[in-house]
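Visitor: Before I ask anything, here is the structure I am working with.
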Amino acid sequence: MKRNAEVGLFTKSSEFENIEGRMKMEILVCVKRVPDSAENEIEVKADGSDIKRDDLVYSVNEWDNYAVEEAIQIVDRVGGSVTVVSIGNTEAEEVVRREMAMGAHQGLLLVDPAFEGSDGRGIAAILKAAVQKGKYDMVFTGAQADDGAAQIGGMLSALLDWPYASLVNKIEVQNGQTLKIGREIEGGNQEINEIEMPCVLSIQTGINEPRYVGIRGIRKVASVEIPVMNAASLGVDAAAVGKAGAGVKRVDYFVPPAGAGAEILQGSTAEIAATLLDLLKAKGGLK
Amino acid sequence: MAAQVFAFIVHKDGAADDSALELISAARSIFPDASPTAILTGAGAGLDAVCQAAAASYRQVWKFDQAALTYPNAELIRPLLLKVLPKGAVLLLPHNTFGMDLGPGLAVKMGVTFIPDVVGIDGLAGATLTVVRQEFNGQASTHLACNVSNGAVISVRSGSFRPEESRSAGGQVVDKSGEAAGLSARRRFVEVVQAEVGDVDITKEDVLVSVGRGFGDKENIPVAEELAQAMGAVVSCSRPIVDAKWLEKSRQVGTSGKTVKPKVYLALGISGSFQHMGGIKGNPFIVAVNKNPKAPIFQVANVGVVADVLEFVPELTEKIKEAK
C-alpha cells in the first residue's frame with residue numbers, strides 16, 4: 001500500500017479528484033444464491049429434512065445485491081476493482097455472473113464437497129482464506145441472507161482481526177486509511193462512525209438503488225472465465241469446515257403449530273369486501 | 001453442564017431495553033436454576049441508574065463505567081468482554097442492531113458457538129443445546145443442535161421470551177470500571193443522526209393503511225392512497241417500499257422505522273417480518289391482505305384475506321365509497 005505517499009504528493013484541494021482517482025480500492029463482496037422469499041411460498045418437506053426446493057425461484061440474496069452496487073459505486077468514484085465471491089457450485093456461478101453483469105470486475109467461486117454443511121463460522125473460515133489470497137481494502141457482505149442469522153460479516157472480521165461494522169447504510173471514502181460510515185440503528189436513526197481499512201462491512205438494504213441487469217448485460221459476461229478455488233488451493237483445513245466442523249447443526253425444518261392466527265375471510269371478492277367493510281366500521285377503522 | 005450465564009443489557013437515556021428482563025427467562029429456559037449476571041457498559045449517572053434498576057432483577061450486576069463507553073461501540077465492548085468473561089461463559093444478548101454488531105465476532109474471538117436470533121429453547125442435553133430459529137423471513141422454522149461445551153454467545157429475538165417481572169433479586173452492583181480502562185478500537189463513534197421528520201406523523205394516527213412489497217410497483221401506490229382517503233386514514237409502509245424509494249422513510253413502520261400504535265392496521269401485501277411487527281404496539285385490530293397464504297402476517301392478524309392486493313383493494317375502496 002503506497003497510498004500514504006501518494007496522498008502526500010498532492011496538497012492543493014483542486015487536485016483532490018486526482019488523489020481520489022489514485023486510491024484504487026480493492027473491494028471483495030461475498031454473495032449467496034438464495035430462494036427469493038418475496039417470490040416464493042416456502043413449504044417444508046413432509047420428513048422435515050429440508051424445504052421443498054424443486055419449484056423455487058432463486059436469486060442473489062437481496063442484501064448482497066446492494067453490497068455489490070455500493071462497491072461498484074465506490075470504485076467508480078475512487079478507482080480500484082470489485083471482486084464478487086460465492087461459495088457453491090455451478091448454480092452459485094449464475095449469481096456471480098449476474099453481479100459481474102452489474103459491473104463487478106472479477107468473480108471467484110469457492111467449490112469443494114468439504115464445504116457442504118458448514119455453519120456460519122465454517123463459511124466465514126472459507127471466506128477468510130479467500131480474502132487472504134487477495135489484497136483487499138474492504139470486504140462487504142449483505143447484512144443477512146435467507147437464514148436471517150446476520151453473522152458472516154462479524155465472524156469474518158474476527159477471523160481476519162479487522163474492524164467491523166454491521167448494517168451499513170452509507171459509505172464515504174475519506175482518504176486512503178479511513179472510511180466514514182453510517183449504520184442503521186433503531187428508529188431509523190443513523191449512527192456515524194469512522195472505521196480504519198482494511199475492514200469488513202455488512203451492508204443494509206436501501207443504501208443505494210441497485211442497477212437493473214438485462215439479458216444483454218448477462219450475455220456480455222457469459223464467457224468471462226471465473227476462477228474456482230477448493231479447500232486445498234485456499235489452504236482451508238477440510239476438517240474445520242463442512243458438517244464435521246460445525247458447532248451448529250440443523251436438526252430439521254418444521255412448521256410451527258399455528259397460533260390463534262387470522263380468521264381468513266371466505267367468499268367472492270365482493271362478499272369479502274362487504275364483510276371487511278362491516279368489520280372496519282365496528283373497529284373504528286372508518287372516519 | 002453448569003455454566004456461568006451472563007446477559008448484556010442494552011440501555012439508553014438511563015433506562016434498560018425491554019430485552020433486559022426477557023434475557024432472564026431465556027437464560028432459565030436453558031439452565032432452570034440460572035442466576036445470570038448482568039453486564040452494563042456506559043458512563044455517568046445514566047449508567048448508575050440503570051445498574052441500580054437491573055439489580056432488582058439480577059442478583060449480580062457488573063458495571064463498566066468509562067467515558068470511552070458513553071456510546072455503546074461494539075468494537076470497544078468486544079475486547080472488554082473477551083477480557084472479563086470467564087472460560088465457558090454463556091452470554092445472552094438481544095438480536096438488535098447492537099447485538100448483531102457485537103455477537104458474531106465475539107463468539108469467534110471467544111472460540112465458542114454463536115447462536116443467532118433465537119426465538120425458542122428446546123432444552124439442553126449434555127453439551128448440546130437445541131434452539132428454535134426462523135428462516136426465509138419467518139416462513140419456516142428450524143431446530144438447531146448447538147455445541148455449547150466451551151460456552152456460547154446467544155442472541156435472542158425481542159418478544160420471544162416472557163419478561164421476568166418479579167424484581168425480587170435484591171442484587172448488588174459490582175463496579176468493574178477499572179478493567180475497562182484503556183480500551184481502543186479501529187472504529188470510532190462520531191454521532192447519531194436522527195431520522196428525518198416527514199410531512200405526516202404516522203405514530204399519531206388511529207388508522208393506518210400500510211403498503212408492502214405486494215404492490216409490485218411504485219405506480220400502484222395510488223391504489224392504497226385511494227383506500228386510505230376513502231377510510232380517512234393515512235398511508236404507511238414496510239421497509240422494502242422505502243428501500244425502493246416509493247415512499248418516504250418517515251412512513252416506514254418497524255424496528256428500523258417508526259413505532260406506531262393505531263386502533264386499526266391494514267397490512268396490504270406485507271409479509272409481516274418480525275422487524276415490521278416490532279414497530280406495531282398497542283394491540284390494534286389487524287387486517288392482512290396477502291396472496292401468499294403462508295405469509296407470517298396471517299399468524300398475527302385478526303382477519304385475513306388471501307388475495308392479490310391490486311385486485312382486492314380497489315374493490316374494498318369502492319365498497320367503502322358506496323357505503324358513505
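A note on labels: chains of the C-alpha cells are A, B, ... as shown, every chain counts residues from 1, and ligands are counted from 1 in their shown order.
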Just need the residues of chain B within 7 Å of chain A, counting only C-alpha atoms, so spit them out as a PyMOL selection string.
Guide: chain B and resi 97+100-101+104-105+108-109+113+116-117+135-137+139-147+186-195+207+231-232+243+255-258+264+292+294+298-305+312+315-316+319-320
Visitor: Write out as a ChimeraX atom specification all residues of region 5-227 of chain B that backbone DSSP assigns to helix (DSSP H, G or I).
Guide: /B:19-30,44-55,67-69,74-84,97-110,136-138,177-180,202-204,213-215,218-227
Visitor: Of the residues B:Asn290, B:Asn73, B:Ser57, B:Ser177, which is the one nearest to Glu22 (chain B), using only C-alpha atoms?
Guide: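 Of B:Asn290, B:Asn73, B:Ser57, B:Ser177, the one nearest Glu22 (chain B), counting only C-alpha atoms, is B:Ser57.
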Visitor: Find the residue from A:Val221, A:Val168, A:Leu109, A:Val85 that sits nearest to Leu28 (chain A); use only C-alpha atoms when measuring.
Guide: A:Val85
Visitor: Can you list, as a PyMOL selection string, all residues belonging to region 80-312 of chain B that DSSP tags as strand (DSSP E)?
Guide: chain B and resi 90-94+113-118+120-125+128-135+140-147+152-156+172-175+187-193+207-211+234-237+264-268+285-290+303-306
Visitor: Write out as a ChimeraX atom specification the residues lying within 12 Å of Glu91 (chain A), counting only C-alpha atoms and excluding same-chain residues fewer than 2 positions away.
Guide: /A:32-35,58-60,86-89,93-98,109-111
Visitor: Could you save those same residues with C-alpha atoms as a compact mmCIF listing (two decimals), in the first residue's frame?
Guide:
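What landed in selection.txt:
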# COMPACT_ATOMS: atom_id res chain seq x y z
CA LYS A 32 -25.12 -16.03 -1.78
CA ARG A 33 -27.71 -17.63 -4.02
CA VAL A 34 -30.98 -17.96 -2.11
CA PRO A 35 -34.65 -18.75 -2.68
CA TYR A 58 -33.68 -18.44 -6.79
CA SER A 59 -31.83 -15.17 -6.99
CA VAL A 60 -28.95 -13.33 -5.42
CA SER A 86 -19.56 -17.06 -3.69
CA ILE A 87 -19.37 -20.48 -2.09
CA GLY A 88 -21.12 -23.15 -4.11
CA ASN A 89 -21.34 -24.97 -7.39
CA GLU A 93 -21.78 -19.22 -10.70
CA GLU A 94 -25.05 -17.86 -12.14
CA VAL A 95 -25.28 -15.41 -9.28
CA VAL A 96 -21.65 -14.33 -9.55
CA ARG A 97 -22.10 -13.79 -13.28
CA ARG A 98 -25.20 -11.70 -12.68
CA LEU A 109 -16.04 -19.39 -6.86
CA LEU A 110 -15.15 -21.46 -3.83
CA VAL A 111 -16.20 -25.04 -4.50
Visitor: Which residues, written as a ChimeraX atom specification, have at least one atom at most 9 Å from Thr317 (chain B), with only C-alpha atoms counted and residues fewer than 4 positions away on the same chain left out?
Guide: /A:273 /B:223-224,226-231,312-313,321-322
Visitor: Counting only C-alpha atoms, what is within 10 Å of Ala129 (chain A), bar same-chain residues fewer than 4 positions away, as a list in words?
Guide: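 The contact residues come out as Ala124, Ala125, Lys133, Gly134, Leu156, Leu159, Leu160, Ala231, Ser233, Leu234, Gly235 and Val236 of chain A.
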Visitor: The selected residues should be written to file as a compact mmCIF listing (two decimals), in the first residue's frame (atoms: C-alpha atoms).
Guide:
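And here's selection08.txt as it stands now:
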# COMPACT_ATOMS: atom_id res chain seq x y z
CA ALA A 124 -16.54 -17.35 7.47
CA ALA A 125 -13.39 -19.52 7.66
CA LYS A 133 -5.43 -14.76 -1.21
CA GLY A 134 -6.03 -11.18 -2.35
CA LEU A 156 -15.13 -12.94 9.10
CA LEU A 159 -11.07 -14.23 11.94
CA LEU A 160 -9.18 -11.59 9.97
CA ALA A 231 -10.13 -26.31 0.10
CA SER A 233 -5.94 -24.25 -3.12
CA LEU A 234 -7.36 -21.99 -0.43
CA GLY A 235 -5.36 -23.72 2.29
CA VAL A 236 -8.52 -24.46 4.29
Visitor: Find the spatial neighbours of Ile202 (chain B), counting only C-alpha atoms, within a cut-off of 7 Å - ignore same-chain residues fewer than 3 positions away - and output them as a list of chain:residue names.
Guide: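 That gives B:Glu205, B:Ser236, B:Arg251, B:Val260.
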Visitor: So, counting only C-alpha atoms, which residue among B:Pro94, B:Gly42, B:Gly278, B:Gly198 is closest to Val156 (chain B)?
Guide: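 Checking each candidate against Val156 (chain B), we get B:Pro94 as the closest.
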Visitor: Can you tell me which residues surround Leu40 (chain B) at a distance of at most 12 Å, considering only C-alpha atoms, apart from same-chain residues fewer than 3 positions away, and format the answer as a VMD selection string?
Guide: chain B and resid 6 to 12 14 to 17 20 37 43 to 44 46 to 55 58 60 to 66 69 to 72 77 80 to 81 93 173 to 177 180
Visitor: In Å to one decimal, how far is CA of Met277 (chain B) from CA of Ile24 (chain B)?
Guide: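 It comes out at 22.8 Å.
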Visitor: Mind pulling up the distance from CA of Asp18 (chain B) to CA of Glu164 (chain B)?
Guide: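 One can read the CA of Glu164 (chain B) to CA of Asp18 (chain B) distance as 10.3 Å.
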